[in-house]
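Peer 1: So that we are looking at the same thing, I have put the structure below in structure tokens.
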Amino acid sequence: MEEDQARVSKCPLPKPSLRLSLLWPRSFLADPLPSRTAPAPSPQRSPCLPTSLPIRPRSRSGRCQVAPPGAILAVGSSASSRQKAATAIVTEGKSARPGGCHGGRSGPRPGRAGPTRADGLSLPLALQRIGLQLRATLENITRLRAEGEDFRWYLKLKCGNCGEVSEKWQYLRLMDSAPLKGGRGSATMVQKCKLCSRENSIDILSQTIKPYNAEDSEKFKTIVEFECRGLEPVDFQPQAGFAAEGAESGTPFNDINLLEKDWNDYDEKTKESVGIYEVTHKFVKC
């Protein structure tokens, strides 16, 4: 019995058979307890395209905009994803071509809304002050002025959004007041443009109303200023409601009508004729 055990201990272990080597992988034979979770192979990346590309976002209006810094578009490994990413590449700081995506002119067009924000709301129009300057030749008269809060300033107004000019004369009075949209105060006139439907306003600044005196004769002088938000005066028609005084006598002259650009009368105190001639005007930005 002892001789048999010694013979068995001296015998070498048998080598794996050919059938066993075919059934089991070499790695398993080398390591009887392999790891059950192998790392996933890394996807091959295209050498022609980077892993991230700047995108070119679009606004709600459909116009292309410049890609802001940090805007990234992930690129997949498929050919269709790489093709879509390649078409989205734009030069940073420049648009694809002048005039927007369609090469058209920029800015508001007649009959269309003006600039809009990203959320689709219209941008507020800039507030500006416009002064009305008068020039006339005065004869023996001074302190030509607009009399009373019911004086009518006849104007033709232009929409600052679409450029539409009113066909008829519209008048403003100090006594008139209309609330602004959103509870932002009031203005002398608030109206919606018939062409672009934009709500605009204009206000008379009462503290800027000044008389036209004898020393101002044949010179331009600002007699009133308007605070404009979307409505811009482009023409003025002087009519009735002006008042003046005799240069030496102080005789009052009321309800002067300058529609014909000339006016004359007679001063009983000084026994002289008085008059206002060659009335002209212009608008200036204050």
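Order determines the names: the first chain of the structure tokens is A, the second B, and so forth; residues in each chain are numbered 1 upward, and ligands are numbered 1 upward as they are shown.
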Got a sec: who's within 9 Å of A:Phe283, counting only C-alpha atoms, leaving out chain neighbours fewer than 2 positions off, as a list in words?
Peer 2: Ile130, Gly131, Leu132, Gln133, Thr222, Pro233, Val234, Asp235, Phe236, His281 and Lys285 of chain A
Peer 1: Would you return as a ChimeraX atom specification the members of stretch 127-276 of chain A that DSSP assigns to helix (DSSP H, G or I) on this structure's backbone?
Peer 2: /A:206-208,214-216
Peer 1: Write a file of the just-selected residues containing N, CA and C atoms, as a compact mmCIF listing (two decimals), in the first residue's frame.
Peer 2:
# COMPACT_ATOMS: atom_id res chain seq x y z
N SER A 206 -45.46 121.27 -19.54
CA SER A 206 -46.05 122.60 -19.30
C SER A 206 -45.01 123.63 -18.87
N GLN A 207 -43.98 123.19 -18.14
CA GLN A 207 -42.97 124.13 -17.63
C GLN A 207 -42.08 124.67 -18.74
N THR A 208 -42.17 124.10 -19.95
CA THR A 208 -41.32 124.57 -21.06
C THR A 208 -42.03 125.55 -21.99
N ALA A 214 -40.54 140.53 -28.30
CA ALA A 214 -40.13 141.45 -29.36
C ALA A 214 -38.65 141.29 -29.69
N GLU A 215 -37.84 141.01 -28.68
CA GLU A 215 -36.39 140.84 -28.94
C GLU A 215 -36.08 139.53 -29.65
N ASP A 216 -37.05 138.62 -29.72
CA ASP A 216 -36.86 137.35 -30.44
C ASP A 216 -37.27 137.45 -31.90
Peer 1: Name the closest residue to A:Leu195 among the candidates A:Ala146, A:Val274, A:Leu258, A:Cys159; distances are taken between atoms, counting only C-alpha atoms.
Peer 2: A:Cys159
Peer 1: Give the answer as one residue: which of A:Asn213, A:Asn264, A:Gln170, A:Gln191 has the shortest atom-to-atom distance to A:Arg135, using only C-alpha atoms?
Peer 2: A:Asn213
